[in-house]
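Student: Compact mmCIF, C-alpha atoms, saved as model21.txt, coming up:
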```txt
# COMPACT_ATOMS: atom_id res chain seq x y z
CA MET Q 5 3.31 -16.08 22.93
CA SER Q 6 0.42 -14.73 25.04
CA THR Q 7 -2.84 -16.61 25.56
CA LEU Q 8 -4.69 -13.95 23.52
CA SER Q 9 -2.25 -14.33 20.62
CA LYS Q 10 -2.71 -18.11 20.70
CA ILE Q 11 -6.50 -17.70 20.65
CA ASN Q 12 -6.31 -15.25 17.72
CA ASN Q 13 -3.96 -17.54 15.78
CA PHE Q 14 -6.28 -20.47 16.43
CA ARG Q 15 -9.29 -18.41 15.32
CA ARG Q 16 -7.54 -17.34 12.12
CA GLY Q 17 -6.53 -20.92 11.38
CA VAL Q 18 -10.08 -22.17 11.86
CA MET Q 19 -11.50 -19.38 9.68
CA ARG Q 20 -9.00 -20.07 6.90
CA GLY Q 21 -9.88 -23.74 7.03
CA LEU Q 22 -13.59 -22.99 6.82
CA THR Q 23 -13.26 -20.44 4.00
CA LYS Q 24 -10.44 -21.82 1.85
CA ASN Q 25 -12.83 -23.49 -0.60
CA ILE Q 26 -15.21 -20.56 -0.86
CA GLY Q 27 -15.28 -19.34 -4.42
CA LYS Q 28 -13.42 -22.27 -5.96
CA PRO Q 29 -14.34 -22.78 -9.64
CA LYS Q 30 -16.50 -25.81 -8.90
CA THR Q 31 -18.82 -23.73 -6.74
CA GLU Q 32 -19.21 -20.83 -9.18
CA ARG Q 33 -20.82 -20.78 -12.59
CA ASP Q 34 -19.34 -18.75 -15.42
CA ILE Q 35 -21.28 -15.60 -16.26
CA VAL Q 36 -20.54 -13.44 -19.29
CA LEU Q 37 -20.37 -9.68 -18.76
CA VAL Q 38 -22.05 -8.29 -21.85
CA ASP Q 39 -21.97 -4.58 -21.04
CA LYS Q 40 -19.37 -2.95 -18.74
CA THR Q 41 -21.76 -0.08 -18.01
CA GLU Q 42 -23.92 -2.44 -15.96
CA ILE Q 43 -21.22 -2.45 -13.28
CA LYS Q 44 -22.25 0.50 -11.14
CA ARG Q 45 -21.57 -0.69 -7.59
CA VAL Q 46 -18.36 -2.53 -6.67
CA LEU Q 47 -17.22 -3.91 -3.31
CA ILE Q 48 -13.45 -4.29 -2.78
CA CYS Q 49 -12.53 -6.33 0.29
CA ARG Q 50 -9.24 -5.77 2.14
CA PRO Q 51 -10.08 -6.14 5.85
CA ASN Q 52 -6.75 -4.81 7.06
CA GLY Q 53 -6.15 -1.41 8.65
CA ARG Q 54 -2.39 -0.99 8.28
CA LEU Q 55 -1.28 2.08 6.35
CA GLY Q 56 1.00 0.15 4.01
CA ASN Q 57 -1.62 -2.45 3.11
CA LEU Q 58 -4.20 0.23 2.34
CA LEU Q 59 -1.78 2.15 0.12
CA LEU Q 60 -0.88 -1.09 -1.65
CA ILE Q 61 -4.45 -1.54 -2.91
CA THR Q 62 -4.54 1.89 -4.57
CA PRO Q 63 -3.38 0.40 -7.91
CA LEU Q 64 -6.32 -2.05 -7.84
CA VAL Q 65 -8.78 0.70 -6.96
CA GLN Q 66 -7.45 2.73 -9.89
CA GLU Q 67 -7.76 -0.32 -12.16
CA VAL Q 68 -11.38 -0.96 -11.18
CA ALA Q 69 -12.31 2.71 -11.55
CA GLU Q 70 -10.72 2.84 -15.01
CA THR Q 71 -12.29 -0.43 -16.13
CA PHE Q 72 -15.77 0.62 -14.98
CA PRO Q 73 -15.76 4.43 -15.23
CA ASN Q 74 -19.40 4.72 -14.13
CA CYS Q 75 -19.00 2.67 -10.97
CA LYS Q 76 -18.90 3.62 -7.31
CA ILE Q 77 -16.58 1.61 -5.07
CA ASP Q 78 -17.13 0.63 -1.45
CA LEU Q 79 -14.09 -0.56 0.52
CA PHE Q 80 -14.42 -3.27 3.17
CA VAL Q 81 -11.51 -2.56 5.53
CA LYS Q 82 -10.42 -2.30 9.16
CA GLY Q 83 -9.41 0.74 11.18
CA THR Q 84 -9.85 4.42 10.46
CA LEU Q 85 -7.15 5.19 7.88
CA ALA Q 86 -8.97 4.18 4.68
CA PRO Q 87 -11.13 7.35 4.42
CA ILE Q 88 -7.93 9.40 4.75
CA VAL Q 89 -5.96 7.39 2.18
CA PHE Q 90 -8.81 7.41 -0.36
CA GLU Q 91 -10.04 10.94 0.38
CA ASN Q 92 -9.45 12.16 -3.18
CA TYR Q 93 -10.59 9.01 -5.00
CA GLN Q 94 -13.80 10.17 -6.64
CA ALA Q 95 -14.84 6.60 -7.43
CA VAL Q 96 -14.72 5.57 -3.76
CA ASN Q 97 -18.19 5.93 -2.31
CA LYS Q 98 -17.65 4.81 1.27
CA THR Q 99 -15.63 2.55 3.56
CA ILE Q 100 -17.11 -0.29 5.58
CA HIS Q 101 -15.13 -0.97 8.74
CA LEU Q 102 -14.76 -4.37 10.36
CA PRO Q 103 -14.20 -3.98 14.14
CA LYS Q 104 -10.66 -4.75 15.26
CA LYS Q 105 -12.01 -6.93 18.07
CA PRO Q 106 -15.17 -8.57 16.72
CA PHE Q 107 -15.88 -10.61 19.87
CA LYS Q 108 -15.96 -7.41 21.91
CA SER Q 109 -18.07 -5.55 19.34
CA LEU Q 110 -20.59 -8.17 18.27
CA VAL Q 111 -23.34 -5.67 17.47
CA GLU Q 112 -21.05 -3.60 15.23
CA TYR Q 113 -19.67 -6.80 13.73
CA MET Q 114 -23.15 -8.00 12.76
CA LYS Q 115 -24.07 -4.57 11.36
CA VAL Q 116 -21.14 -4.80 8.96
CA TRP Q 117 -22.30 -8.09 7.48
CA ILE Q 118 -25.89 -6.90 7.30
CA SER Q 119 -24.80 -3.78 5.43
CA ILE Q 120 -22.80 -5.85 2.93
CA LYS Q 121 -25.76 -8.15 2.37
CA SER Q 122 -28.18 -5.28 1.93
CA GLU Q 123 -26.18 -3.31 -0.67
CA PRO Q 124 -26.99 -3.91 -4.37
CA TYR Q 125 -23.43 -4.61 -5.51
CA ASP Q 126 -22.86 -5.62 -9.11
CA MET Q 127 -19.35 -6.95 -8.46
CA ALA Q 128 -17.45 -8.01 -5.33
CA ILE Q 129 -13.66 -8.40 -5.27
CA ASN Q 130 -11.46 -9.95 -2.60
CA VAL Q 131 -7.87 -8.64 -2.68
CA ASP Q 132 -6.03 -11.28 -0.64
CA GLN Q 133 -6.94 -14.90 -1.31
CA ASN Q 134 -5.82 -15.83 2.23
CA SER Q 135 -8.20 -13.38 3.90
CA SER Q 136 -11.06 -15.40 5.36
CA SER Q 137 -13.08 -12.25 6.11
CA GLY Q 138 -12.52 -10.99 2.56
CA ARG Q 139 -13.67 -14.28 1.02
CA LEU Q 140 -16.71 -14.38 3.29
CA ALA Q 141 -17.66 -10.81 2.39
CA VAL Q 142 -17.57 -11.60 -1.33
CA ARG Q 143 -19.58 -14.78 -0.77
CA PHE Q 144 -22.03 -13.00 1.53
CA SER Q 145 -22.68 -10.18 -0.92
CA ARG Q 146 -25.51 -10.33 -3.44
CA ALA Q 147 -23.16 -9.35 -6.28
CA LYS Q 148 -23.72 -11.06 -9.62
CA TYR Q 149 -19.97 -11.12 -10.34
CA LYS Q 150 -17.72 -12.42 -7.56
CA PHE Q 151 -13.93 -12.59 -7.61
CA TYR Q 152 -12.25 -14.24 -4.65
CA GLY Q 153 -8.69 -13.15 -5.41
CA ASP Q 154 -7.26 -16.58 -6.15
CA LEU Q 155 -3.77 -16.64 -7.63
CA ASP Q 156 -3.36 -17.49 -11.27
CA GLY Q 157 -0.64 -20.10 -11.87
CA GLU Q 158 -0.10 -19.10 -15.50
CA LEU Q 159 0.63 -15.48 -14.61
CA THR Q 160 3.34 -16.35 -12.10
CA GLU Q 161 5.44 -17.57 -14.99
CA SER Q 162 4.69 -14.81 -17.50
CA LYS Q 163 4.98 -11.68 -15.30
CA THR Q 164 8.36 -10.90 -13.75
CA ASP Q 165 6.72 -8.54 -11.24
CA TYR Q 166 3.80 -10.82 -10.44
CA ASP Q 167 4.95 -11.42 -6.85
CA HIS Q 168 4.46 -7.78 -5.88
CA ILE Q 169 1.59 -7.38 -3.44
CA ALA Q 170 0.32 -4.23 -5.21
CA LYS Q 171 0.45 -5.81 -8.65
CA TYR Q 172 -0.75 -9.40 -8.50
CA PRO Q 173 -4.28 -8.39 -7.40
CA VAL Q 174 -4.47 -6.30 -10.58
CA TYR Q 175 -3.11 -9.10 -12.77
CA ASN Q 176 -5.51 -11.61 -11.21
CA PHE Q 177 -8.43 -9.23 -11.61
CA ARG Q 178 -7.60 -8.77 -15.29
CA THR Q 179 -7.53 -12.54 -15.76
CA TYR Q 180 -10.89 -12.84 -14.02
CA LEU Q 181 -12.36 -10.26 -16.43
CA THR Q 182 -11.27 -12.36 -19.41
CA LYS Q 183 -13.36 -15.20 -18.00
CA LEU Q 184 -16.30 -12.82 -18.17
CA GLY Q 185 -15.59 -12.22 -21.85
CA LEU Q 186 -13.69 -8.93 -21.64
CA PRO Q 187 -10.41 -8.38 -23.55
CA LYS Q 188 -7.14 -8.77 -21.64
CA SER Q 189 -5.42 -5.55 -20.59
CA ASN Q 190 -1.63 -5.33 -20.92
CA LYS Q 191 -1.27 -1.86 -19.45
CA ILE Q 192 1.46 -1.21 -16.91
CA VAL Q 193 0.07 -1.50 -13.39
CA ALA Q 194 -0.53 1.90 -11.82
CA SER Q 195 1.70 3.35 -9.12
CA LEU Q 196 0.69 3.66 -5.49
CA ASP Q 197 -1.06 7.02 -5.32
CA LEU Q 198 -2.25 9.15 -2.41
CA LYS Q 199 -3.71 11.61 -4.93
CA LEU Q 200 -2.44 14.74 -3.22
CA THR Q 201 -4.04 18.01 -4.30
CA ASP Q 202 -2.14 21.10 -5.40
CA ALA Q 203 -3.13 22.76 -2.13
CA GLU Q 204 -1.73 19.83 -0.13
CA LEU Q 205 1.51 19.86 -2.11
CA ASP Q 206 1.87 23.61 -1.60
CA ASN Q 207 1.34 23.21 2.14
CA GLY Q 208 3.89 20.40 2.23
CA LYS Q 209 6.45 22.66 0.54
CA LYS Q 210 5.86 25.39 3.13
CA ILE Q 211 6.33 22.93 5.98
CA LEU Q 212 9.48 21.49 4.41
CA ASP Q 213 10.95 24.98 3.98
CA LEU Q 214 10.51 25.57 7.71
CA ILE Q 215 12.27 22.29 8.57
CA THR Q 216 15.27 22.46 6.26
CA PRO Q 217 18.30 24.60 7.11
CA ASP Q 218 18.52 25.86 3.52
CA PRO Q 219 15.31 25.61 1.42
CA SER Q 220 17.28 26.42 -1.74
CA LYS Q 221 19.07 23.05 -1.49
CA ARG Q 222 17.71 19.66 -2.49
CA THR Q 223 16.49 17.46 0.35
CA ILE Q 224 16.95 13.83 1.35
CA CYS Q 225 14.54 12.42 3.93
CA ILE Q 226 15.31 9.36 6.05
CA PHE Q 227 13.02 7.23 8.21
CA THR Q 228 15.03 5.23 10.72
CA TYR Q 229 12.22 3.23 12.30
CA ALA Q 230 10.26 0.09 11.35
CA THR Q 231 8.36 -2.59 13.22
CA GLY Q 232 9.98 -5.70 14.67
CA ALA Q 233 12.88 -7.32 12.85
CA LYS Q 234 12.52 -4.87 9.93
CA CYS Q 235 13.98 -2.11 12.11
CA TYR Q 236 17.71 -1.57 11.63
CA SER Q 237 19.84 -1.04 14.71
CA GLY Q 238 20.95 2.34 16.00
CA GLU Q 239 24.52 1.41 15.13
CA TRP Q 240 23.57 0.63 11.53
CA TRP Q 241 21.76 3.94 11.14
CA GLU Q 242 24.49 5.93 12.89
CA ASN Q 243 27.05 4.60 10.40
CA PHE Q 244 24.77 5.15 7.44
CA TYR Q 245 23.83 8.68 8.48
CA SER Q 246 27.47 9.62 9.03
CA LYS Q 247 28.37 8.51 5.48
CA LEU Q 248 25.23 10.12 4.07
CA LYS Q 249 26.18 13.50 5.57
CA GLU Q 250 29.70 13.18 4.22
CA GLU Q 251 28.61 12.15 0.71
CA TYR Q 252 25.78 14.71 0.42
CA SER Q 253 27.06 17.70 2.34
CA ASN Q 254 25.40 20.01 -0.19
CA TYR Q 255 21.95 18.52 0.55
CA ASN Q 256 19.48 19.04 3.35
CA ILE Q 257 19.04 15.78 5.26
CA ILE Q 258 15.94 15.51 7.46
CA GLU Q 259 14.38 12.71 9.47
CA ILE Q 260 10.67 11.94 9.54
CA LEU Q 261 9.68 10.48 12.90
CA PRO Q 262 7.27 7.62 13.66
CA VAL Q 263 4.28 7.92 15.98
CA GLU Q 264 6.53 6.40 18.67
CA ASN Q 265 8.65 9.59 18.38
CA VAL Q 266 11.97 7.71 18.35
CA SER Q 267 15.12 8.24 16.30
CA GLN Q 268 17.77 5.63 15.57
CA ILE Q 269 20.28 8.45 15.05
CA GLY Q 270 19.50 10.23 18.31
CA PHE Q 271 17.67 13.17 16.67
CA GLN Q 272 20.86 14.44 15.04
CA ALA Q 273 19.08 15.63 11.90
CA PRO Q 274 16.28 18.20 11.64
CA THR Q 275 13.07 16.29 12.30
CA TYR Q 276 9.47 16.33 11.15
CA TYR Q 277 6.63 14.69 13.07
CA SER Q 278 2.91 14.58 12.41
CA LYS Q 279 -0.06 12.29 12.96
CA ASP Q 280 -1.72 13.66 9.82
CA ILE Q 281 -1.13 11.05 7.10
CA ARG Q 282 -1.94 13.38 4.21
CA GLU Q 283 0.24 16.16 5.59
CA MET Q 284 3.10 13.67 5.97
CA GLY Q 285 2.54 12.61 2.37
CA SER Q 286 2.57 16.21 1.18
CA VAL Q 287 5.91 16.86 2.90
CA LEU Q 288 7.39 13.65 1.46
CA ALA Q 289 6.15 14.65 -2.00
CA ASN Q 290 8.42 17.69 -1.85
CA VAL Q 291 11.69 15.95 -0.95
CA ASP Q 292 14.06 14.70 -3.64
CA LEU Q 293 14.68 11.28 -2.13
CA PHE Q 294 13.30 9.12 0.68
CA ILE Q 295 15.36 6.37 2.34
CA GLY Q 296 13.88 3.96 4.86
CA ALA Q 297 13.21 0.36 5.78
CA ASP Q 298 10.12 -1.52 4.66
CA SER Q 299 7.25 0.19 6.48
CA GLY Q 300 4.00 2.05 6.03
CA ILE Q 301 5.95 5.31 5.79
CA MET Q 302 8.07 3.85 2.99
CA HIS Q 303 4.89 3.04 1.07
CA LEU Q 304 3.55 6.52 1.90
CA ALA Q 305 6.62 8.09 0.29
CA SER Q 306 6.10 5.89 -2.75
CA ALA Q 307 2.41 6.86 -2.88
CA ALA Q 308 3.47 10.51 -2.74
CA GLN Q 309 5.35 9.83 -6.02
CA THR Q 310 8.73 10.47 -4.38
CA PRO Q 311 11.85 8.53 -5.47
CA THR Q 312 12.18 5.95 -2.70
CA VAL Q 313 15.01 3.67 -1.60
CA GLY Q 314 13.51 0.83 0.43
CA LEU Q 315 15.88 -1.06 2.74
CA PHE Q 316 15.13 -4.78 3.11
CA SER Q 317 16.68 -7.34 5.42
CA VAL Q 318 13.83 -9.67 6.45
CA SER Q 319 10.69 -9.00 4.39
CA GLU Q 320 10.38 -10.11 0.76
CA LEU Q 321 11.84 -7.53 -1.59
CA LYS Q 322 9.92 -8.84 -4.62
CA LYS Q 323 6.68 -8.52 -2.70
CA TYR Q 324 7.05 -5.12 -1.05
CA ALA Q 325 9.72 -3.10 -2.90
CA PRO Q 326 8.77 0.47 -3.89
CA TYR Q 327 8.43 1.00 -7.62
CA ASP Q 328 8.06 3.84 -10.15
CA SER Q 329 9.35 7.44 -9.81
CA GLY Q 330 12.89 6.05 -9.86
CA SER Q 331 12.26 3.97 -6.73
CA VAL Q 332 14.13 0.79 -5.85
CA GLY Q 333 14.33 -1.84 -3.14
CA VAL Q 334 17.76 -2.76 -1.73
CA ASP Q 335 18.58 -6.08 -0.08
CA THR Q 336 21.04 -4.90 2.58
CA ARG Q 337 22.14 -8.48 3.27
CA LYS Q 338 23.67 -8.64 -0.20
CA CYS Q 339 24.38 -5.02 -1.06
CA MET Q 340 27.58 -3.36 0.18
CA PRO Q 341 27.44 0.21 1.59
CA LEU Q 342 29.30 1.56 -1.45
CA GLU Q 343 26.52 0.19 -3.66
CA TYR Q 344 23.89 2.07 -1.62
CA PHE Q 345 25.45 5.34 -2.62
CA GLN Q 346 25.82 4.32 -6.24
CA ILE Q 347 22.06 3.69 -6.25
CA ILE Q 348 21.34 6.98 -4.48
CA ASN Q 349 23.60 8.88 -6.89
CA SER Q 350 21.82 7.33 -9.85
CA ILE Q 351 18.40 8.37 -8.54
CA LEU Q 352 19.48 11.90 -7.67
CA ASP Q 353 21.27 12.33 -10.99
CA ASN Q 354 18.15 11.28 -12.84
CA GLY Q 355 16.22 13.72 -10.70
CA LYS Q 356 18.22 16.54 -12.26
CA LEU Q 357 16.87 15.55 -15.64
CA LYS Q 358 13.35 14.55 -14.61
CA THR Q 359 10.96 16.91 -12.85
CA TYR Q 360 8.99 15.04 -10.20
CA PRO Q 361 5.61 16.45 -9.12
CA LYS Q 362 6.31 19.33 -6.72
CA ALA Q 363 4.35 22.21 -5.38
CA VAL Q 364 4.89 25.54 -7.08
```
Using the file provided, produce a representation of the structure as structure tokens.
Tutor:
Amino acid sequence: MSTLSKINNFRRGVMRGLTKNIGKPKTERDIVLVDKTEIKRVLICRPNGRLGNLLLITPLVQEVAETFPNCKIDLFVKGTLAPIVFENYQAVNKTIHLPKKPFKSLVEYMKVWISIKSEPYDMAINVDQNSSSGRLAVRFSRAKYKFYGDLDGELTESKTDYDHIAKYPVYNFRTYLTKLGLPKSNKIVASLDLKLTDAELDNGKKILDLITPDPSKRTICIFTYATGAKCYSGEWWENFYSKLKEEYSNYNIIEILPVENVSQIGFQAPTYYSKDIREMGSVLANVDLFIGADSGIMHLASAAQTPTVGLFSVSELKKYAPYDSGSVGVDTRKCMPLEYFQIINSILDNGKLKTYPKAV
């Protein structure tokens, strides 16, 4: 581990230690929310800039916007992707960006905290209870209602999908609202959603038609890359791709490439590459099935409402598996190759009966 990594780990550990008790019940007094219409400005804190983590808070953003239909939401994040991900979320007012390297951008770092303090928020929400910056932002805000994202022990037993990183923030938020006097919602948690427009979907269809050998056929898209230990070997993908071609010879099979522009199958399939997140989403929205390891692109396919098979070998399936639109997570340590294709067949067969959102 490099010296810089050790310093960053030490800094994170110190910050967690200093902020772990912020927002505990003993430090906060209960306040009853009499009228939901008084919530007009909301701050949601998820100071993380990874594509997957931003997409995974879209269900919470939808929940807040639906609960308080007159509110405007500011997002406290990192990086530059949030404005792209939430481009078509009418309730999202703006994004506040925490510098990636605060010690090298002290002026910008201080401006962020000043801006949070100066805004007249009615409610502040921290998504991840372990985020020291998120907890501090909620504490630092002048919001009357503050939710620090703490896990609810009772819910872990009553909700079978509580462990999912996109869902438990919604469940915890709903529990927090009951403490303010609002009725408990039992609605199904929303899907990840990039909110692609008809124009974007139509453009994605045009691009896909140029990539595929036969646009009249259905299309399977694979993503053979992932970061670190989540990335399957070239040998694994070579074997899988060979069987996929054999089993689905009447389908187009394309590969979407990562920013690193690498292919674990040696670029054998027709490829698509773009740095435009929304364009990538629009192309994925027009395929019939996406297959790939746990990654930001896997979550992008899910957010494009495309049936997604997520391949898991190291990360927690219960926490990160794609859901809705016929999607499923597969533990490849336990699942035999034959079972992969049974799952794929099931999804594609259902796709013949169900029309997924496509461009006209």
Student: Out of Q:Thr336, Q:Gln272, Q:Ser246, Q:Thr182, which residue has the shortest atom-to-atom distance to Asp298 of chain Q when counting all atoms listed in the file?
Tutor: Q:Thr336
Student: With all atoms listed in the file as the counted atoms, please give the residues lying no more than 10 Å from Thr84 of chain Q, apart from itself and same-chain residues fewer than 5 positions off, as a ChimeraX atom specification.
Tutor: /Q:53-55,89,99-101
Student: Could you tell me which of Q:Val174, Q:Val142, Q:Val287, Q:Val46 comes closest to Lys210 of chain Q if we count only C-alpha atoms?
Tutor: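 Closest to Lys210 of chain Q, using only C-alpha atoms: Q:Val287.
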Student: Show me, as lines of an AutoDock Vina configuration file, the centre and edge lengths in Å to one decimal of the axis-aligned box that covers every listed atom of segment 218-223 of chain Q with 6 Å on each side.
Tutor:
```
center_x = 17.2
center_y = 21.9
center_z = 0.5
size_x = 15.8
size_y = 21.0
size_z = 18.0
```
Student: To one decimal place, how far is atom CA of Thr164 of chain Q from atom CA of Ala308 of chain Q in Å?
Tutor: 24.6 Å
Student: Take atom CA of Ile226 of chain Q and atom CA of Phe316 of chain Q and report the distance between them in Å, one decimal.
Tutor: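 We find that atom CA of Ile226 of chain Q and atom CA of Phe316 of chain Q lie 14.4 Å from each other.
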Student: When you draw a straight line from atom CA of Ile215 of chain Q to atom CA of Trp240 of chain Q, how long is it in Å?
Tutor: 24.6 Å
